[in-house]
file data.txt (compact mmCIF, C-alpha atoms and all ligand atoms)
# COMPACT_ATOMS: atom_id res chain seq x y z
CA MET V 1 50.57 116.64 35.67
CA LYS V 2 52.76 114.69 38.04
CA ILE V 3 49.93 114.34 40.58
CA ARG V 4 47.58 113.14 37.88
CA TYR V 5 50.08 110.49 36.81
CA VAL V 6 50.53 109.21 40.34
CA PHE V 7 46.75 109.12 40.80
CA LEU V 8 46.21 107.12 37.63
CA LEU V 9 49.03 104.78 38.52
CA PHE V 10 47.44 104.25 41.93
CA LEU V 11 44.07 103.48 40.41
CA GLY V 12 45.59 101.22 37.82
CA LEU V 13 47.38 99.23 40.49
CA ALA V 14 44.40 99.21 42.79
CA SER V 15 42.09 97.77 40.19
CA PRO V 16 42.81 95.77 37.08
CA GLY V 17 39.33 96.68 35.81
CA VAL V 18 40.22 100.32 35.62
CA SER V 19 42.35 99.90 32.52
CA ARG V 20 39.17 99.56 30.47
CA THR V 21 37.66 102.75 31.86
CA LEU V 22 40.92 104.62 31.47
CA LEU V 23 40.48 104.15 27.74
CA GLY V 24 37.75 106.77 28.04
CA MET V 25 40.16 109.32 29.43
CA ASN V 26 40.69 111.26 26.23
CA LYS V 27 37.03 111.69 25.42
CA SER V 28 35.83 115.20 26.09
CA LEU V 29 33.76 116.09 29.13
CA ALA V 30 30.77 116.51 26.88
CA GLY V 31 31.47 113.09 25.37
CA GLU V 32 30.36 109.65 26.40
CA ILE V 33 32.38 108.88 29.51
CA SER V 34 33.70 111.94 31.25
CA PRO V 35 37.44 111.62 31.89
CA ALA V 36 36.87 112.52 35.50
CA ALA V 37 34.17 109.91 35.98
CA ALA V 38 36.21 107.26 34.23
CA LYS V 39 39.20 107.55 36.48
CA ARG V 40 37.03 107.54 39.58
CA GLN V 41 35.26 104.21 39.02
CA THR V 42 36.96 100.89 39.62
CA GLY V 43 34.87 99.38 36.83
CA GLU V 44 34.63 96.21 38.90
CA LEU V 45 31.37 94.28 38.69
CA LEU V 46 29.83 92.62 41.72
CA ALA V 47 28.01 89.38 42.50
CA ASP V 48 25.71 88.13 39.71
CA LEU V 49 26.47 91.18 37.55
CA SER V 50 29.96 89.82 36.96
CA THR V 51 28.68 86.66 35.30
CA LEU V 52 25.30 87.43 33.74
CA PRO V 53 25.33 88.21 30.01
CA ASP V 54 23.80 91.57 29.04
CA ALA V 55 20.82 89.81 27.50
CA ALA V 56 19.90 88.37 30.89
CA LEU V 57 20.02 91.68 32.75
CA SER V 58 16.88 93.12 34.33
CA PRO V 59 16.33 96.89 34.00
CA ALA V 60 17.82 97.39 37.50
CA GLY V 61 20.70 95.03 36.77
CA TRP V 62 21.51 96.88 33.55
CA THR V 63 21.38 100.26 35.31
CA ILE V 64 23.59 99.20 38.22
CA LYS V 65 26.06 97.48 35.89
CA ASN V 66 26.51 100.67 33.86
CA ILE V 67 26.86 102.77 37.00
CA LEU V 68 29.58 100.42 38.29
CA LEU V 69 31.33 100.69 34.93
CA GLY V 70 31.20 104.50 35.06
CA ASN V 71 29.28 104.52 31.79
CA ARG V 72 27.57 107.88 32.23
CA ALA V 73 26.55 107.94 28.57
CA ALA V 74 24.32 104.93 29.20
CA VAL V 75 22.88 106.01 32.52
CA SER V 76 23.24 108.85 34.97
CA PRO V 77 23.73 107.78 38.59
CA GLN V 78 21.18 110.40 39.57
CA ASP V 79 17.65 110.81 38.26
CA LEU V 80 16.55 114.37 38.92
CA THR V 81 13.14 114.24 37.29
CA THR V 82 11.26 110.93 37.44
CA VAL V 83 8.32 111.07 39.83
CA TYR V 84 6.48 107.88 40.79
CA THR V 85 2.76 108.27 41.34
CA ALA V 86 1.10 105.61 43.47
CA PRO V 87 -1.64 103.83 41.48
CA GLY V 88 -3.86 103.73 44.55
CA PRO V 89 -4.04 104.19 48.29
CA LEU V 90 -1.73 102.22 50.55
CA ASP V 91 -3.06 98.69 51.05
CA SER V 92 -5.22 98.89 47.92
CA SER V 93 -4.87 96.02 45.46
CA GLU V 94 -3.54 98.48 42.82
CA CYS V 95 -0.80 99.53 45.21
CA ARG V 96 0.09 95.99 46.21
CA ARG V 97 0.63 95.03 42.58
CA GLU V 98 3.57 97.45 42.12
CA THR V 99 6.80 96.96 44.06
CA CYS V 100 7.52 100.68 44.31
CA CYS V 101 4.08 101.68 45.56
CA VAL V 102 4.62 100.96 49.25
CA TRP V 103 8.04 102.64 48.92
CA LYS V 104 6.35 105.83 47.76
CA TYR V 105 4.47 105.97 51.06
CA ILE V 106 7.61 105.06 53.02
CA ALA V 107 9.79 107.63 51.23
CA ASP V 108 7.20 110.38 51.74
CA ALA V 109 7.09 109.64 55.48
CA MET V 110 10.89 109.60 55.64
CA ALA V 111 11.30 112.85 53.71
CA THR V 112 8.90 114.65 56.04
CA SER V 113 10.85 113.58 59.10
CA PHE V 114 14.25 114.39 57.57
CA ARG V 115 13.74 118.17 57.26
CA ASP V 116 13.75 120.88 59.89
CA GLY V 117 11.46 123.90 59.92
CA ALA V 118 13.87 125.86 57.73
CA GLY V 119 13.94 123.17 55.02
CA ARG V 120 17.41 121.90 55.89
CA CYS V 121 18.13 118.24 56.63
CA ASN V 122 18.18 117.44 60.32
CA GLU V 123 19.94 115.12 62.73
CA LEU V 124 17.76 112.15 61.78
CA ALA V 125 18.70 112.64 58.12
CA ARG V 126 22.42 112.90 58.92
CA GLN V 127 22.29 109.72 60.95
CA ALA V 128 20.33 107.98 58.18
CA VAL V 129 23.09 108.72 55.65
CA ARG V 130 25.71 107.43 58.07
CA LEU V 131 23.61 104.35 58.88
CA GLY V 132 23.49 103.40 55.18
CA PHE V 133 27.29 103.42 55.13
CA HIS V 134 27.59 101.52 58.41
CA ASP V 135 25.33 98.68 57.22
CA ALA V 136 26.67 98.24 53.67
CA GLY V 137 30.27 99.21 54.44
CA THR V 138 30.94 96.13 56.56
CA TRP V 139 31.34 94.04 53.42
CA SER V 140 34.81 92.81 52.47
CA LYS V 141 35.73 91.40 49.09
CA SER V 142 38.68 89.45 50.44
CA ALA V 143 37.04 88.07 53.59
CA GLY V 144 33.30 88.04 52.74
CA GLY V 145 30.45 88.61 55.19
CA GLY V 146 28.63 91.81 56.09
CA GLY V 147 27.08 94.17 53.55
CA ALA V 148 23.74 95.85 52.97
CA ASP V 149 21.64 93.29 54.83
CA GLY V 150 20.09 95.24 57.70
CA SER V 151 22.26 93.52 60.30
CA VAL V 152 23.42 96.80 61.82
CA LEU V 153 19.93 97.08 63.31
CA LEU V 154 18.74 93.47 63.26
CA ALA V 155 21.75 92.21 65.27
CA PRO V 156 21.79 94.13 68.58
CA SER V 157 25.45 93.30 69.19
CA GLU V 158 26.41 95.05 65.93
CA LEU V 159 24.59 98.26 66.81
CA ALA V 160 26.24 98.22 70.24
CA ARG V 161 29.76 98.44 68.77
CA ASP V 162 31.78 101.62 69.23
CA ASP V 163 31.74 102.08 65.44
CA ASN V 164 28.00 102.62 65.64
CA ARG V 165 27.82 105.19 68.41
CA ALA V 166 25.76 108.27 67.65
CA LEU V 167 23.22 106.34 65.58
CA GLU V 168 20.62 106.00 68.36
CA VAL V 169 18.10 108.47 66.97
CA VAL V 170 17.93 106.84 63.55
CA ALA V 171 18.07 103.34 65.04
CA ALA V 172 14.95 104.05 67.09
CA GLN V 173 13.15 105.60 64.12
CA MET V 174 14.10 102.74 61.81
CA ALA V 175 12.78 100.24 64.37
CA ALA V 176 9.46 102.09 64.36
CA TRP V 177 9.36 102.20 60.55
CA TYR V 178 10.26 98.50 60.39
CA ALA V 179 7.36 97.65 62.73
CA GLU V 180 5.04 99.72 60.55
CA TRP V 181 6.21 98.65 57.08
CA ARG V 182 7.43 95.10 57.54
CA PRO V 183 3.86 93.71 57.46
CA ARG V 184 3.59 95.41 54.06
CA GLY V 185 6.70 93.66 52.75
CA ALA V 186 9.51 96.17 53.42
CA ARG V 187 12.78 94.67 54.61
CA MET V 188 15.23 96.32 56.99
CA ALA V 189 18.15 96.32 54.53
CA ASP V 190 16.04 98.27 52.03
CA LEU V 191 14.65 100.62 54.68
CA ILE V 192 18.20 101.51 55.67
CA GLN V 193 19.41 102.11 52.11
CA MET V 194 16.23 103.92 51.08
CA GLY V 195 16.61 106.03 54.24
CA ALA V 196 20.12 107.08 53.21
CA VAL V 197 19.17 108.18 49.70
CA VAL V 198 15.95 109.88 50.81
CA ALA V 199 17.96 111.69 53.49
CA ALA V 200 20.60 112.93 51.04
CA ALA V 201 17.91 114.06 48.59
CA SER V 202 16.13 115.85 51.46
CA CYS V 203 19.09 118.15 52.07
CA PRO V 204 19.18 121.39 50.09
CA LEU V 205 21.51 120.78 47.09
CA GLY V 206 21.51 117.04 47.86
CA PRO V 207 21.92 114.36 45.18
CA ARG V 208 19.01 112.24 43.96
CA ALA V 209 20.92 108.96 43.73
CA ARG V 210 19.12 106.03 42.13
CA ALA V 211 17.32 103.88 44.70
CA PHE V 212 16.83 100.12 44.53
CA VAL V 213 14.88 97.64 46.67
CA GLY V 214 14.85 93.85 47.05
CA ARG V 215 17.82 93.13 49.33
CA ASN V 216 17.72 90.21 51.77
CA ASP V 217 17.85 90.75 55.52
CA SER V 218 20.21 89.08 57.96
CA ALA V 219 20.29 89.12 61.76
CA THR V 220 23.83 87.74 61.82
CA PRO V 221 26.20 90.46 63.02
CA ALA V 222 28.66 91.61 60.37
CA PRO V 223 32.29 90.74 61.13
CA PRO V 224 33.83 93.47 63.32
CA ASP V 225 36.52 95.99 62.33
CA ARG V 226 35.28 96.57 58.81
CA LEU V 227 34.51 100.30 59.22
CA PRO V 228 37.04 103.10 59.65
CA SER V 229 38.01 102.49 63.28
CA ALA V 230 38.30 106.12 64.27
CA ALA V 231 38.63 109.36 62.41
CA ASN V 232 42.37 109.18 63.00
CA SER V 233 43.32 106.83 60.15
CA ASP V 234 45.87 107.94 57.60
CA ALA V 235 44.75 108.29 54.02
CA ALA V 236 46.58 105.26 52.64
CA ALA V 237 45.00 103.02 55.29
CA LEU V 238 41.54 104.37 54.44
CA ALA V 239 42.16 103.86 50.72
CA ALA V 240 43.17 100.26 51.39
CA LEU V 241 40.10 99.67 53.59
CA PHE V 242 37.81 100.97 50.85
CA ALA V 243 39.70 99.11 48.10
CA ASP V 244 38.85 95.89 49.96
CA LYS V 245 35.20 96.85 49.44
CA THR V 246 35.90 97.42 45.71
CA LEU V 247 35.53 101.17 46.29
CA SER V 248 38.19 103.28 44.59
CA LEU V 249 40.02 106.18 46.18
CA GLY V 250 37.86 108.47 44.06
CA GLU V 251 34.70 106.86 45.41
CA LEU V 252 36.03 107.24 48.95
CA VAL V 253 36.68 110.95 48.34
CA ALA V 254 33.15 111.36 46.93
CA LEU V 255 31.48 109.43 49.77
CA VAL V 256 33.30 111.13 52.61
CA GLY V 257 31.78 114.38 51.34
CA ALA V 258 28.68 113.23 53.27
CA HIS V 259 30.43 114.96 56.15
CA THR V 260 29.03 118.13 54.60
CA THR V 261 25.97 117.42 56.75
CA SER V 262 27.83 116.01 59.73
CA VAL V 263 27.85 117.13 63.37
CA GLN V 264 30.23 115.09 65.53
CA ARG V 265 29.46 114.18 69.13
CA PHE V 266 31.68 111.28 70.23
CA PHE V 267 34.91 111.59 68.27
CA ASP V 268 35.83 114.55 70.47
CA PRO V 269 33.30 114.83 73.32
CA LEU V 270 34.84 118.13 74.39
CA ALA V 271 33.76 119.58 71.05
CA ALA V 272 30.43 117.70 70.91
CA GLY V 273 27.95 119.39 68.59
CA SER V 274 30.56 120.87 66.28
CA PRO V 275 29.93 120.48 62.55
CA GLN V 276 32.38 119.40 59.85
CA ASP V 277 31.61 122.48 57.79
CA SER V 278 29.83 125.71 58.55
CA THR V 279 26.51 124.60 56.92
CA PRO V 280 25.70 121.15 58.36
CA GLY V 281 22.07 120.97 57.16
CA VAL V 282 23.01 121.73 53.55
CA TRP V 283 24.62 119.36 51.02
CA ASP V 284 27.03 121.96 49.66
CA THR V 285 30.71 121.77 48.76
CA LEU V 286 31.86 123.87 51.72
CA TYR V 287 33.01 120.69 53.47
CA TYR V 288 35.65 120.14 50.77
CA ASN V 289 36.67 123.81 50.81
CA GLN V 290 36.85 124.19 54.55
CA THR V 291 38.59 120.85 55.20
CA ALA V 292 41.31 121.81 52.74
CA SER V 293 41.50 125.43 53.88
CA SER V 294 44.53 126.82 55.68
CA ASP V 295 42.13 129.04 57.59
CA PRO V 296 38.90 127.14 58.38
CA PRO V 297 36.02 129.02 60.02
CA GLN V 298 35.90 128.98 63.79
CA GLY V 299 33.68 126.24 65.16
CA VAL V 300 34.24 123.87 62.24
CA PHE V 301 35.75 120.64 63.53
CA ARG V 302 37.89 118.74 61.04
CA PHE V 303 38.43 115.00 61.53
CA PRO V 304 42.15 114.16 61.26
CA SER V 305 41.32 111.46 58.67
CA ASP V 306 39.38 113.96 56.52
CA LEU V 307 42.27 116.39 56.71
CA ALA V 308 44.68 113.60 55.77
CA LEU V 309 42.55 112.62 52.76
CA SER V 310 42.33 116.21 51.55
CA GLN V 311 46.14 116.42 51.62
CA TYR V 312 46.85 112.95 50.22
CA PRO V 313 48.68 113.57 46.94
CA PRO V 314 46.70 110.98 44.89
CA ALA V 315 43.41 112.51 46.13
CA ARG V 316 44.20 116.22 46.18
CA GLU V 317 43.18 117.05 42.63
CA LEU V 318 39.81 115.32 42.94
CA TRP V 319 39.22 116.94 46.34
CA GLN V 320 39.66 120.34 44.67
CA THR V 321 37.40 119.33 41.77
CA PHE V 322 34.58 118.53 44.19
CA ALA V 323 35.27 121.73 46.15
CA ASN V 324 34.51 123.71 43.00
CA ALA V 325 31.81 121.68 41.28
CA GLN V 326 28.61 120.72 43.09
CA ALA V 327 27.08 118.93 40.10
CA VAL V 328 30.20 116.85 39.46
CA TRP V 329 30.39 115.84 43.11
CA ASN V 330 26.66 115.02 43.31
CA ASP V 331 26.97 112.69 40.31
CA ASP V 332 30.07 111.04 41.73
CA PHE V 333 28.53 110.72 45.17
CA ALA V 334 25.43 109.13 43.63
CA ALA V 335 27.50 106.64 41.59
CA ALA V 336 29.62 105.71 44.59
CA TYR V 337 26.55 105.43 46.81
CA VAL V 338 24.75 103.08 44.39
CA HIS V 339 27.93 100.97 44.45
CA LEU V 340 28.09 101.05 48.26
CA SER V 341 24.39 100.24 48.61
CA VAL V 342 24.69 96.90 46.79
CA LEU V 343 27.80 95.60 48.56
CA GLY V 344 27.17 92.08 49.80
CA VAL V 345 23.92 91.75 47.81
CA GLU V 346 24.14 88.43 46.00
CA HIS V 347 21.32 88.85 43.50
CA ILE V 348 21.70 92.42 42.29
CA ASN V 349 19.86 91.57 39.09
CA ASP V 350 16.71 90.84 41.11
CA LEU V 351 16.52 94.36 42.55
CA THR V 352 13.87 96.85 41.44
CA GLU V 353 14.55 100.51 40.83
CA CYS V 354 12.23 102.89 42.72
CA THR V 355 14.07 106.21 42.30
CA GLY V 356 10.82 107.96 41.40
CA VAL V 357 9.65 107.73 45.01
CA LEU V 358 12.42 110.04 46.23
CA PRO V 359 11.71 113.67 46.97
CA LEU V 360 12.83 115.98 44.20
CA SER V 361 16.20 117.42 45.26
CA GLY V 362 16.06 120.79 46.96
C1 LIG V 401 36.21 107.59 55.37
C2 LIG V 401 36.14 107.34 56.60
C3 LIG V 401 35.15 107.88 57.57
C4 LIG V 401 35.42 108.18 58.86
C5 LIG V 401 36.74 108.02 59.57
C6 LIG V 401 34.21 108.70 59.43
C7 LIG V 401 34.07 109.08 60.74
C8 LIG V 401 32.98 109.71 61.27
C9 LIG V 401 32.87 110.19 62.62
C10 LIG V 401 33.93 110.03 63.69
C11 LIG V 401 31.68 110.79 62.74
C12 LIG V 401 31.10 111.48 63.98
C13 LIG V 401 30.36 110.55 64.88
C14 LIG V 401 30.06 111.26 66.18
O1 LIG V 401 30.97 111.36 67.01
O2 LIG V 401 28.94 111.76 66.34
C15 LIG V 401 31.02 110.71 61.46
C16 LIG V 401 29.79 111.25 61.17
C17 LIG V 401 29.16 111.11 59.97
N1 LIG V 401 29.58 110.34 58.91
FE1 LIG V 401 31.42 109.57 58.68
N2 LIG V 401 33.23 108.70 58.48
C18 LIG V 401 33.77 108.21 57.31
C19 LIG V 401 33.09 108.00 56.14
C20 LIG V 401 31.75 108.29 55.94
C21 LIG V 401 31.00 107.91 54.78
C22 LIG V 401 31.55 107.08 53.62
C23 LIG V 401 29.74 108.39 54.95
C24 LIG V 401 28.52 108.26 54.09
C25 LIG V 401 28.48 107.90 52.84
C26 LIG V 401 29.72 109.08 56.22
C27 LIG V 401 28.65 109.77 56.73
C28 LIG V 401 28.63 110.42 57.93
C29 LIG V 401 27.57 111.31 58.36
C30 LIG V 401 26.35 111.72 57.53
C31 LIG V 401 27.90 111.72 59.64
C32 LIG V 401 27.11 112.69 60.54
C33 LIG V 401 26.24 111.99 61.54
C34 LIG V 401 25.57 112.99 62.46
O3 LIG V 401 25.70 114.18 62.27
O4 LIG V 401 24.92 112.51 63.40
N3 LIG V 401 30.95 108.96 56.79
N4 LIG V 401 31.83 110.03 60.60
call {"tool": "encode", "arguments": {"input": "data.txt", "output": "structure tokens", "more": "lines below"}}
Ligand code: HEM
result
Amino acid sequence: MKIRYVFLLFLGLASPGVSRTLLGMNKSLAGEISPAAAKRQTGELLADLSTLPDAALSPAGWTIKNILLGNRAAVSPQDLTTVYTAPGPLDSSECRRETCCVWKYIADAMATSFRDGAGRCNELARQAVRLGFHDAGTWSKSAGGGGADGSVLLAPSELARDDNRALEVVAAQMAAWYAEWRPRGARMADLIQMGAVVAAASCPLGPRARAFVGRNDSATPAPPDRLPSAANSDAAALAALFADKTLSLGELVALVGAHTTSVQRFFDPLAAGSPQDSTPGVWDTLYYNQTASSDPPQGVFRFPSDLALSQYPPARELWQTFANAQAVWNDDFAAAYVHLSVLGVEHINDLTECTGVLPLSG
């Protein structure tokens, strides 16, 4: 009870917008806004969504707004069933008329390259998820600049930063995809964010987070020092870093679960190749269990910052919730990822939803 109080107090202080969502706390889990979901969203709206009246919202704008508000009764952050069928072959006039059509061909190509022979997600997929974070996560609410604009690959000096080590495989593949799909209208910022959600959905048990396209590209390097500098940070510092991106502590805890697929190489070169849980190609909850465990399996390498988060009193209860509830975590990851994937996008209302192009989750 005490932990819960501290957690709510933290969220309340961290975000004035949360008071509205906290009103949903007493509704039952089966009700409109799940108590858990409510306390995990900041409820803060971004860019044009913070000023546009509901009547002016596009379908994508309405969906993203409700995801940011944590309004799960209005819209689920995942769509597990919709399948988009291309109206015609690539380059046909039927295909060119629909924004999502080219993305169906792109997502199919991505999904094929993100799985290994055993159906698990591979190194390219893991790097694609991380790349999505490293492009969008450079945005800062207080200082501006950065965001989901493709600059991590379009500005060579950004990719060369220490933050972005161990992204070479996906960087090379994205460059090839960009050369192939740019003439058909695909932008780098969208390729990167589509890559991240296709990759997550390609992992067994992975979420099928809603996918949007229509971001603008930029070749201006994002300001430096916007990403977690090393996996040594303490939990309060990480929470503050994410709060400056409008991401709550709960969203941070949900997003860092992406380390369920992770295999580190550079954080500790002596242990290069060691995974962050015992099933790196599977999007399961073992990462949360094994990070918090007093007796982790041999060979599992835990980042000090992950360990710190798992033990951080305001985060501990949620960490345990995710450890025991795949579906709850997948929904929260999806909501937090949609939020992350529009950071720095000025005209969110102009985006188009193309979730139907994603592979059905394994
Ligand atoms: C919260 C702070 C975070 C820290 C300190 C952190 C740190 C790291 C480090 C040090 C690595 C290993 C890089 C290497 O040496 O190969 C890594 C890998 C990875 N990270 Fe994070 N990360 C954080 C958050 C996130 C988030 C929010 C996501 C995605 C939403 C993410 C996704 C990944 C993935 C998928 C990998 C595996 C890449 C691979 O296996 O090649 N991380 N992270």
call {"tool": "closest_atom_pairs", "arguments": {"input": "data.txt", "of": "chain V", "to": "ligand LIG 401 (chain V)", "cutoff": "6 Å", "atoms": "only C-alpha atoms and all ligand atoms", "output": "JSON lines"}}
result
{"residue": "V:Glu123", "atom": "CA", "partner": "V:LIG401", "partner_atom": "O4", "distance": 5.7}
{"residue": "V:Arg126", "atom": "CA", "partner": "V:LIG401", "partner_atom": "C30", "distance": 4.3}
{"residue": "V:Gln127", "atom": "CA", "partner": "V:LIG401", "partner_atom": "O4", "distance": 4.6}
{"residue": "V:Val129", "atom": "CA", "partner": "V:LIG401", "partner_atom": "C30", "distance": 4.8}
{"residue": "V:Arg130", "atom": "CA", "partner": "V:LIG401", "partner_atom": "C27", "distance": 4.0}
{"residue": "V:Phe133", "atom": "CA", "partner": "V:LIG401", "partner_atom": "C24", "distance": 5.1}
{"residue": "V:Ala166", "atom": "CA", "partner": "V:LIG401", "partner_atom": "O2", "distance": 4.9}
{"residue": "V:Pro228", "atom": "CA", "partner": "V:LIG401", "partner_atom": "C5", "distance": 4.9}
{"residue": "V:Ala230", "atom": "CA", "partner": "V:LIG401", "partner_atom": "C5", "distance": 5.3}
{"residue": "V:Ala231", "atom": "CA", "partner": "V:LIG401", "partner_atom": "C5", "distance": 3.7}
{"residue": "V:Leu255", "atom": "CA", "partner": "V:LIG401", "partner_atom": "C22", "distance": 4.5}
{"residue": "V:Val256", "atom": "CA", "partner": "V:LIG401", "partner_atom": "C21", "distance": 4.5}
{"residue": "V:Ala258", "atom": "CA", "partner": "V:LIG401", "partner_atom": "C27", "distance": 4.9}
{"residue": "V:His259", "atom": "CA", "partner": "V:LIG401", "partner_atom": "C29", "distance": 5.1}
{"residue": "V:Thr261", "atom": "CA", "partner": "V:LIG401", "partner_atom": "C30", "distance": 5.8}
{"residue": "V:Ser262", "atom": "CA", "partner": "V:LIG401", "partner_atom": "C32", "distance": 3.5}
{"residue": "V:Val263", "atom": "CA", "partner": "V:LIG401", "partner_atom": "O3", "distance": 3.8}
{"residue": "V:Gln264", "atom": "CA", "partner": "V:LIG401", "partner_atom": "O2", "distance": 3.7}
{"residue": "V:Arg265", "atom": "CA", "partner": "V:LIG401", "partner_atom": "O2", "distance": 3.7}
{"residue": "V:Phe266", "atom": "CA", "partner": "V:LIG401", "partner_atom": "O1", "distance": 3.3}
{"residue": "V:Phe267", "atom": "CA", "partner": "V:LIG401", "partner_atom": "O1", "distance": 4.1}
{"residue": "V:Ser305", "atom": "CA", "partner": "V:LIG401", "partner_atom": "C5", "distance": 5.8}
call {"tool": "closest_residue", "arguments": {"input": "data.txt", "among": "V:Leu252, V:Gly147, V:Trp177, V:Val328", "to": "Ala237 in chain V", "atoms": "only C-alpha atoms"}}
result
V:Leu252
call {"tool": "residues_around", "arguments": {"input": "data.txt", "residues": "Ala56 in chain V", "least_positions_apart": "4", "cutoff": "9 Å", "atoms": "only C-alpha atoms", "output": "PDB file with C-alpha atoms, in the frame of the given file"}}
result
ATOM      1  CA  LEU V  52      25.300  87.430  33.740  1.00  0.00           C
ATOM      2  CA  GLY V  61      20.700  95.030  36.770  1.00  0.00           C
ATOM      3  CA  ASN V 349      19.860  91.570  39.090  1.00  0.00           C
TER       4      ASN V 349
END
call {"tool": "closest_residue", "arguments": {"input": "data.txt", "among": "V:Leu90, V:Met110, V:Leu191, V:Ala179", "to": "Asp149 in chain V", "atoms": "all atoms listed in the file"}}
result
V:Leu191
call {"tool": "residues_around", "arguments": {"input": "data.txt", "residues": "His134 in chain V", "least_positions_apart": "5", "cutoff": "8 Å", "atoms": "all atoms listed in the file", "output": "list of chain:residue names"}}
result
V:Val152, V:Asn164, V:Leu227
